[in-house]
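Shown below: work-v4.cif, with mmCIF, C-alpha atoms and all ligand atoms.
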```cif
data_my_file
#
loop_
_atom_site.label_atom_id
_atom_site.label_comp_id
_atom_site.auth_asym_id
_atom_site.auth_seq_id
_atom_site.Cartn_x
_atom_site.Cartn_y
_atom_site.Cartn_z
CA MET C 1 47.08 -44.72 36.05
CA ASP C 2 49.01 -47.80 34.94
CA GLN C 3 52.34 -48.99 36.31
CA ASN C 4 54.23 -46.72 33.93
CA GLY C 5 52.42 -43.58 34.91
CA PHE C 6 50.34 -43.28 31.74
CA GLN C 7 47.04 -41.71 32.58
CA PRO C 8 44.37 -42.92 30.17
CA PRO C 9 41.64 -40.40 29.40
CA HIS C 10 38.84 -42.64 30.65
CA ALA C 11 37.97 -44.45 33.84
CA GLY C 12 38.09 -48.22 34.08
CA PRO C 13 39.27 -50.93 31.70
CA VAL C 14 38.74 -50.59 27.97
CA GLU C 15 37.23 -53.27 25.79
CA PRO C 16 39.79 -53.83 23.05
CA LEU C 17 38.77 -52.89 19.54
CA GLU C 18 38.14 -56.10 17.62
CA TYR C 19 39.62 -56.20 14.17
CA SER C 20 37.07 -57.39 11.64
CA ASP C 21 36.29 -57.15 7.94
CA ALA C 22 33.81 -54.40 8.70
CA LEU C 23 36.40 -52.37 10.60
CA ALA C 24 38.99 -52.95 7.87
CA LYS C 25 36.52 -51.64 5.27
CA GLU C 26 35.63 -48.65 7.40
CA LEU C 27 39.30 -47.74 7.98
CA SER C 28 40.19 -48.15 4.34
CA ALA C 29 37.26 -45.98 3.20
CA HIS C 30 38.15 -43.24 5.68
CA SER C 31 41.81 -43.46 4.77
CA ASP C 32 40.94 -42.88 1.10
CA GLU C 33 38.56 -40.03 1.94
CA LEU C 34 41.15 -38.35 4.15
CA GLU C 35 43.93 -38.48 1.54
CA SER C 36 43.19 -34.89 0.56
CA ALA C 37 42.32 -33.67 4.06
CA SER C 38 44.57 -31.37 6.08
CA PRO C 39 46.35 -32.72 9.18
CA ARG C 40 43.93 -30.71 11.34
CA GLU C 41 40.95 -32.32 9.59
CA ILE C 42 42.46 -35.78 10.01
CA LEU C 43 43.09 -35.20 13.70
CA SER C 44 39.56 -33.87 14.16
CA TRP C 45 38.14 -36.96 12.47
CA ALA C 46 40.23 -39.26 14.68
CA ILE C 47 39.12 -37.50 17.84
CA GLU C 48 35.47 -37.58 16.84
CA ARG C 49 35.68 -41.26 15.95
CA PHE C 50 37.90 -42.60 18.77
CA ALA C 51 38.09 -40.20 21.74
CA PRO C 52 38.35 -40.81 24.65
CA HIS C 53 40.28 -43.91 23.53
CA PHE C 54 42.66 -41.95 21.34
CA ALA C 55 46.16 -40.73 22.23
CA MET C 56 49.23 -39.41 20.53
CA ALA C 57 52.79 -40.68 20.86
CA THR C 58 55.61 -38.22 20.44
CA ALA C 59 59.39 -38.22 20.51
CA PHE C 60 59.20 -34.40 20.28
CA GLY C 61 60.41 -34.36 16.68
CA PRO C 62 59.43 -31.44 14.44
CA GLU C 63 56.45 -33.37 13.09
CA GLY C 64 55.22 -34.27 16.56
CA MET C 65 55.59 -30.68 17.66
CA THR C 66 53.30 -29.50 14.86
CA LEU C 67 50.70 -32.11 15.88
CA ILE C 68 50.90 -30.99 19.51
CA HIS C 69 50.39 -27.42 18.28
CA MET C 70 47.25 -28.52 16.38
CA LEU C 71 45.91 -30.63 19.25
CA ALA C 72 46.33 -27.65 21.58
CA GLU C 73 43.76 -25.85 19.39
CA ILE C 74 41.46 -28.75 18.48
CA ALA C 75 41.41 -31.03 21.52
CA PRO C 76 43.92 -30.05 24.22
CA ARG C 77 42.74 -32.82 26.55
CA THR C 78 43.96 -35.53 24.18
CA PRO C 79 46.55 -37.60 26.07
CA ILE C 80 50.04 -37.28 24.61
CA PHE C 81 52.80 -39.58 25.75
CA ASN C 82 56.52 -40.01 25.25
CA LEU C 83 58.34 -43.32 25.58
CA GLU C 84 61.04 -42.20 27.99
CA THR C 85 63.71 -44.81 27.45
CA GLY C 86 66.12 -43.12 29.84
CA TYR C 87 68.51 -42.57 26.92
CA GLN C 88 66.94 -39.46 25.43
CA PHE C 89 68.86 -36.20 25.02
CA PRO C 90 68.46 -33.60 27.79
CA GLU C 91 67.33 -31.19 25.06
CA THR C 92 64.48 -33.57 24.20
CA LEU C 93 63.36 -33.87 27.81
CA GLU C 94 63.51 -30.12 28.19
CA LEU C 95 61.14 -29.72 25.26
CA ARG C 96 58.44 -31.35 27.35
CA GLU C 97 58.71 -28.39 29.75
CA ARG C 98 58.48 -25.92 26.88
CA VAL C 99 55.32 -27.65 25.65
CA LYS C 100 53.85 -27.29 29.13
CA GLU C 101 54.71 -23.59 29.27
CA ARG C 102 53.47 -22.81 25.77
CA TYR C 103 50.33 -24.93 25.59
CA GLY C 104 49.57 -25.98 29.16
CA ILE C 105 49.78 -29.59 27.94
CA GLU C 106 51.62 -32.10 30.08
CA VAL C 107 53.11 -34.79 27.89
CA GLN C 108 53.16 -37.99 29.93
CA PHE C 109 56.39 -39.90 30.23
CA VAL C 110 55.99 -43.66 29.98
CA ARG C 111 59.04 -45.38 31.42
CA PRO C 112 60.37 -48.95 31.47
CA LEU C 113 60.25 -50.70 34.83
CA LEU C 114 64.05 -50.84 35.05
CA ASP C 115 65.89 -47.54 34.94
CA VAL C 116 69.04 -47.32 32.81
CA ALA C 117 71.40 -48.28 35.64
CA GLN C 118 69.32 -51.33 36.59
CA TYR C 119 68.89 -52.35 32.95
CA GLU C 120 72.59 -52.08 32.15
CA LYS C 121 73.49 -53.95 35.31
CA LYS C 122 71.12 -56.74 34.36
CA HIS C 123 72.69 -57.05 30.89
CA GLY C 124 76.31 -56.49 31.86
CA GLY C 125 76.44 -53.12 30.12
CA PRO C 126 74.42 -51.19 27.57
CA LEU C 127 72.52 -53.25 25.02
CA TYR C 128 72.15 -50.48 22.44
CA SER C 129 75.53 -51.27 20.87
CA ARG C 130 75.32 -55.09 21.14
CA ASP C 131 71.66 -55.72 20.55
CA PRO C 132 69.75 -52.55 19.70
CA ASN C 133 66.65 -54.49 18.64
CA GLN C 134 66.35 -55.98 22.10
CA CYS C 135 67.02 -52.60 23.69
CA CYS C 136 64.30 -50.94 21.55
CA PHE C 137 61.96 -53.81 22.32
CA ASP C 138 62.47 -53.53 26.07
CA ARG C 139 62.53 -49.76 26.30
CA LYS C 140 60.01 -48.75 23.62
CA ILE C 141 57.88 -51.51 22.12
CA LYS C 142 56.90 -53.10 25.43
CA LEU C 143 55.86 -49.70 26.75
CA LEU C 144 53.65 -49.00 23.78
CA GLU C 145 52.07 -52.44 24.16
CA GLN C 146 51.14 -51.52 27.71
CA VAL C 147 49.75 -48.13 26.74
CA ALA C 148 47.87 -49.69 23.81
CA ALA C 149 45.84 -51.81 26.22
CA GLY C 150 43.96 -48.66 27.25
CA LEU C 151 43.37 -47.30 23.75
CA HIS C 152 41.53 -47.92 20.48
CA ALA C 153 43.60 -45.62 18.30
CA TRP C 154 46.85 -43.71 18.32
CA SER C 155 48.41 -41.02 16.25
CA SER C 156 51.91 -41.12 14.92
CA ALA C 157 53.72 -38.20 13.30
CA ILE C 158 55.35 -40.12 10.46
CA ARG C 159 55.64 -38.75 6.92
CA ARG C 160 55.67 -40.83 3.77
CA ASP C 161 58.71 -39.02 2.38
CA GLN C 162 60.89 -40.01 5.35
CA SER C 163 61.85 -43.43 3.98
CA PRO C 164 60.78 -46.04 1.41
CA ASP C 165 59.18 -48.04 4.24
CA ARG C 166 57.17 -45.09 5.47
CA ALA C 167 56.08 -44.28 1.91
CA LYS C 168 53.42 -46.98 2.29
CA THR C 169 51.84 -45.45 5.40
CA PRO C 170 48.05 -45.12 5.13
CA ILE C 171 46.36 -42.09 6.66
CA VAL C 172 44.28 -44.53 8.72
CA GLY C 173 45.11 -48.20 9.09
CA TRP C 174 45.11 -51.15 11.42
CA ASP C 175 48.30 -51.49 13.41
CA ARG C 176 48.58 -55.23 13.83
CA LYS C 177 51.51 -55.10 16.20
CA PHE C 178 49.70 -53.01 18.78
CA GLN C 179 46.12 -54.02 17.88
CA LEU C 180 45.10 -50.40 17.46
CA VAL C 181 43.97 -48.08 14.73
CA LYS C 182 46.89 -45.95 13.69
CA VAL C 183 46.28 -42.47 12.33
CA SER C 184 49.04 -40.61 10.50
CA PRO C 185 47.82 -37.04 9.92
CA LEU C 186 51.18 -35.98 8.45
CA ALA C 187 51.59 -38.86 6.00
CA ASN C 188 51.20 -36.50 3.03
CA VAL C 189 53.12 -33.58 4.48
CA THR C 190 56.67 -32.77 3.41
CA ARG C 191 59.58 -31.87 5.65
CA GLU C 192 59.62 -28.38 4.13
CA THR C 193 55.98 -27.80 5.06
CA ILE C 194 56.63 -28.96 8.61
CA TRP C 195 59.46 -26.47 9.04
CA GLU C 196 57.42 -23.67 7.41
CA MET C 197 54.73 -24.34 9.99
CA ILE C 198 57.27 -24.32 12.83
CA VAL C 199 58.77 -21.04 11.71
CA ASN C 200 55.51 -19.29 10.81
CA GLU C 201 53.63 -20.37 13.90
CA LYS C 202 56.64 -20.16 16.23
CA ILE C 203 56.24 -23.75 17.37
CA PRO C 204 58.90 -24.88 19.88
CA TYR C 205 61.43 -27.37 18.52
CA ASN C 206 64.45 -29.31 19.68
CA PRO C 207 67.55 -27.03 19.54
CA LEU C 208 69.62 -30.02 18.36
CA HIS C 209 68.03 -29.52 14.93
CA ASP C 210 70.12 -26.35 14.65
CA GLN C 211 73.26 -28.47 15.19
CA GLY C 212 72.75 -30.87 12.30
CA TYR C 213 70.54 -33.43 14.01
CA GLN C 214 67.58 -34.05 11.75
CA SER C 215 65.87 -37.11 13.19
CA ILE C 216 66.39 -37.40 16.93
CA GLY C 217 65.97 -40.55 18.97
CA CYS C 218 67.99 -41.83 21.91
CA GLN C 219 71.35 -40.17 22.45
CA PRO C 220 73.57 -43.27 21.97
CA CYS C 221 71.83 -44.15 18.69
CA THR C 222 71.65 -40.72 17.08
CA ARG C 223 74.25 -38.56 15.38
CA ALA C 224 74.11 -35.34 13.41
CA VAL C 225 73.85 -35.82 9.64
CA MET C 226 76.16 -34.33 7.09
CA PHE C 227 75.18 -32.27 4.07
CA GLY C 228 73.58 -34.48 1.44
CA GLU C 229 72.83 -37.35 3.80
CA ASP C 230 69.36 -38.76 4.23
CA GLU C 231 67.46 -37.17 7.12
CA ARG C 232 67.37 -40.50 9.01
CA ALA C 233 71.01 -41.39 8.29
CA GLY C 234 71.95 -40.36 11.83
CA ARG C 235 69.75 -43.03 13.43
CA TRP C 236 71.60 -46.28 14.33
CA SER C 237 74.35 -45.06 12.04
CA GLY C 238 76.63 -47.87 10.86
CA GLN C 239 74.05 -50.53 11.68
CA GLU C 240 71.46 -52.17 9.48
CA LYS C 241 68.71 -51.05 11.80
CA THR C 242 66.61 -48.15 10.47
CA GLU C 243 63.50 -48.25 12.68
CA CYS C 244 62.92 -48.90 16.37
CA GLY C 245 60.00 -51.17 15.47
CA LEU C 246 57.17 -48.84 16.43
CA HIS C 247 56.43 -48.04 12.81
CA SER C 248 57.40 -51.18 10.92
CA ILE C 249 55.08 -51.19 7.97
CA GLU C 250 54.88 -54.98 7.78
CA ASP C 251 53.00 -54.81 11.04
CA GLU C 252 50.16 -52.87 9.48
CA ASP C 253 47.28 -54.10 7.43
FE1 LIG E 1 68.02 -48.51 23.09
FE2 LIG E 1 69.03 -47.06 21.07
FE3 LIG E 1 66.60 -48.20 20.88
FE4 LIG E 1 67.00 -46.12 22.48
S1 LIG E 1 67.14 -46.16 20.23
S2 LIG E 1 65.85 -47.93 22.98
S3 LIG E 1 69.08 -46.56 23.26
S4 LIG E 1 68.62 -49.23 21.02
#
```

Could you render the structure from this file as structure tokens?
Amino acid sequence: MDQNGFQPPHAGPVEPLEYSDALAKELSAHSDELESASPREILSWAIERFAPHFAMATAFGPEGMTLIHMLAEIAPRTPIFNLETGYQFPETLELRERVKERYGIEVQFVRPLLDVAQYEKKHGGPLYSRDPNQCCFDRKIKLLEQVAAGLHAWSSAIRRDQSPDRAKTPIVGWDRKFQLVKVSPLANVTRETIWEMIVNEKIPYNPLHDQGYQSIGCQPCTRAVMFGEDERAGRWSGQEKTECGLHSIEDED
């Protein structure tokens, strides 16, 4: 277990995956092949290729919940972690308990070293309004960097139709920022399909979605969206920021 409480699925240190031309070619070929594969098939491929050095990150969004549902069937021992910034909604944290009840899967919280009170004391108040990039860096990016040291690949739940930036997401690619292979099984899936899956398969979801929240991050940086607004319009509303930095496409090859 590392200092944040993340329990890697293997014993002992992991040799990092070296990025090379050969790996780039392999990833690109698989990404092309998997373009027409289902999310379950993509996840199965990733597990076969990278387990036990493969994990999934989730913020318990609707997309992540469908992936958890699939992993519960395909490979329930896959480690799943949540970057617990200390600023998440109680409803989001409660979803972790519902996942445990429904699937017997314990999503691991990965927390910053300083809790919210210590962090705000250090900075003379909350940073999310003054310097959200620094806040996201300290309370999300740094945590993923630490988790990444024990992995070769991770799965995100991003969809290409979420934003112009995300439209370029490969199914499989090299994540330069975290020096990991990044697998996006839902890249080709639409929001409508995600919700059909949730309804048809009775997958648990965050009750805030029923109150107009479409994309849910930390409480101070998320608002409900109004009719006709983009699904991510409620994230860092009124600021130029649109991503926390975990999925910046310029950081991928
Ligand atoms: Fe801080 Fe907001 Fe980023 Fe959460 S989303 S880490 S509160 S700036």

Which polymer residues have any atom within 7 Å of an atom of segment 150-154 of chain C, counting all atoms listed in the file, with same-chain residues fewer than 4 positions away left out, as number ranges by chain? C: 8, 13-14, 16-17, 50, 53-56, 180-183

Could I get the residue neighbourhood of ligand LIG 1 (chain E) at 12 Å, counting only C-alpha atoms and all ligand atoms, as a PyMOL selection string? chain C and resi 59+83-89+111-112+115-116+119-120+125-143+215-223+234-237+239+241-246

Identify, on the basis of all atoms listed in the file, every residue whose closest approach to Ala167 of chain C does not exceed 12 Å; exclude the query and any residue fewer than 6 positions from it along the same chain; express the result as a PyMOL selection string. chain C and resi 158-161+184+186-190+247-249

Kindly export the residues of the current selection with C-alpha atoms, as a JSON list (two decimals), in the frame of the given file.
```
[["chain", "number", "residue", "atom", "x", "y", "z"],
["C", 158, "ILE", "CA", 55.35, -40.12, 10.46],
["C", 159, "ARG", "CA", 55.64, -38.75, 6.92],
["C", 160, "ARG", "CA", 55.67, -40.83, 3.77],
["C", 161, "ASP", "CA", 58.71, -39.02, 2.38],
["C", 184, "SER", "CA", 49.04, -40.61, 10.50],
["C", 186, "LEU", "CA", 51.18, -35.98, 8.45],
["C", 187, "ALA", "CA", 51.59, -38.86, 6.00],
["C", 188, "ASN", "CA", 51.20, -36.50, 3.03],
["C", 189, "VAL", "CA", 53.12, -33.58, 4.48],
["C", 190, "THR", "CA", 56.67, -32.77, 3.41],
["C", 247, "HIS", "CA", 56.43, -48.04, 12.81],
["C", 248, "SER", "CA", 57.40, -51.18, 10.92],
["C", 249, "ILE", "CA", 55.08, -51.19, 7.97]]
```

Interatomic distance between atom CA of Leu144 of chain C and atom CA of Pro170 of chain C?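 Going from atom CA of Leu144 of chain C over to atom CA of Pro170 of chain C covers 19.9 Å.
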
What is the distance between atom CA of Thr193 of chain C and atom CA of Gln162 of chain C, in Å to one decimal?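 Taking atom CA of Thr193 of chain C as the start and atom CA of Gln162 of chain C as the end point, the length is 13.2 Å.
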
Near Met70 of chain C, counting all atoms listed in the file, which residues have an atom at most 12 Å away, once you skip same-chain residues fewer than 3 positions from it, shown as an MDAnalysis selection string? chainID C and resid 38:44 56 63:67 73:78 103 105 185:186 197:198 201 203

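What separates atom CA of Met226 of chain C from atom CA of Gln211 of chain C is a distance of 10.4 Å.
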
Edge lengths and centre in Å to one decimal, as AutoDock Vina command-line options, of the axis-aligned box that encloses all listed atoms of segment 193-198 of chain C with 3 Å added on every side?
```
--center_x 57.1 --center_y -26.3 --center_z 8.9 --size_x 10.7 --size_y 11.3 --size_z 13.8
```

Find the residues around segment 25-28 of chain C up to 8 Å (all atoms listed in the file counted), leave out those fewer than 5 positions away in its own chain, and share them as a PyMOL selection string. chain C and resi 172-174

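You can rank C:Ala29, C:Glu240, C:Asn82, C:His209 by their closest distance to Val225 of chain C using all atoms listed in the file, and at the top of that list sits C:His209.
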
Shortest interatomic distance to Tyr205 of chain C - which of C:Pro52, C:Gly124, C:Gly61, C:Pro164, counting only C-alpha atoms: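 Smallest separation from Tyr205 of chain C among the options: C:Gly61.
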
When you count all atoms listed in the file, which of these residues is closest to Arg166 of chain C: C:Lys122, C:Arg232, C:Asn200, C:Glu145?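 Looking at the shortest contact to Arg166 of chain C, the residue is C:Arg232.
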
Counting all atoms listed in the file, the option among C:Val199, C:Ala148, C:Ile194, C:Leu23 closest to Gln179 of chain C: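 Under the stated criterion, the closest residue is C:Ala148.
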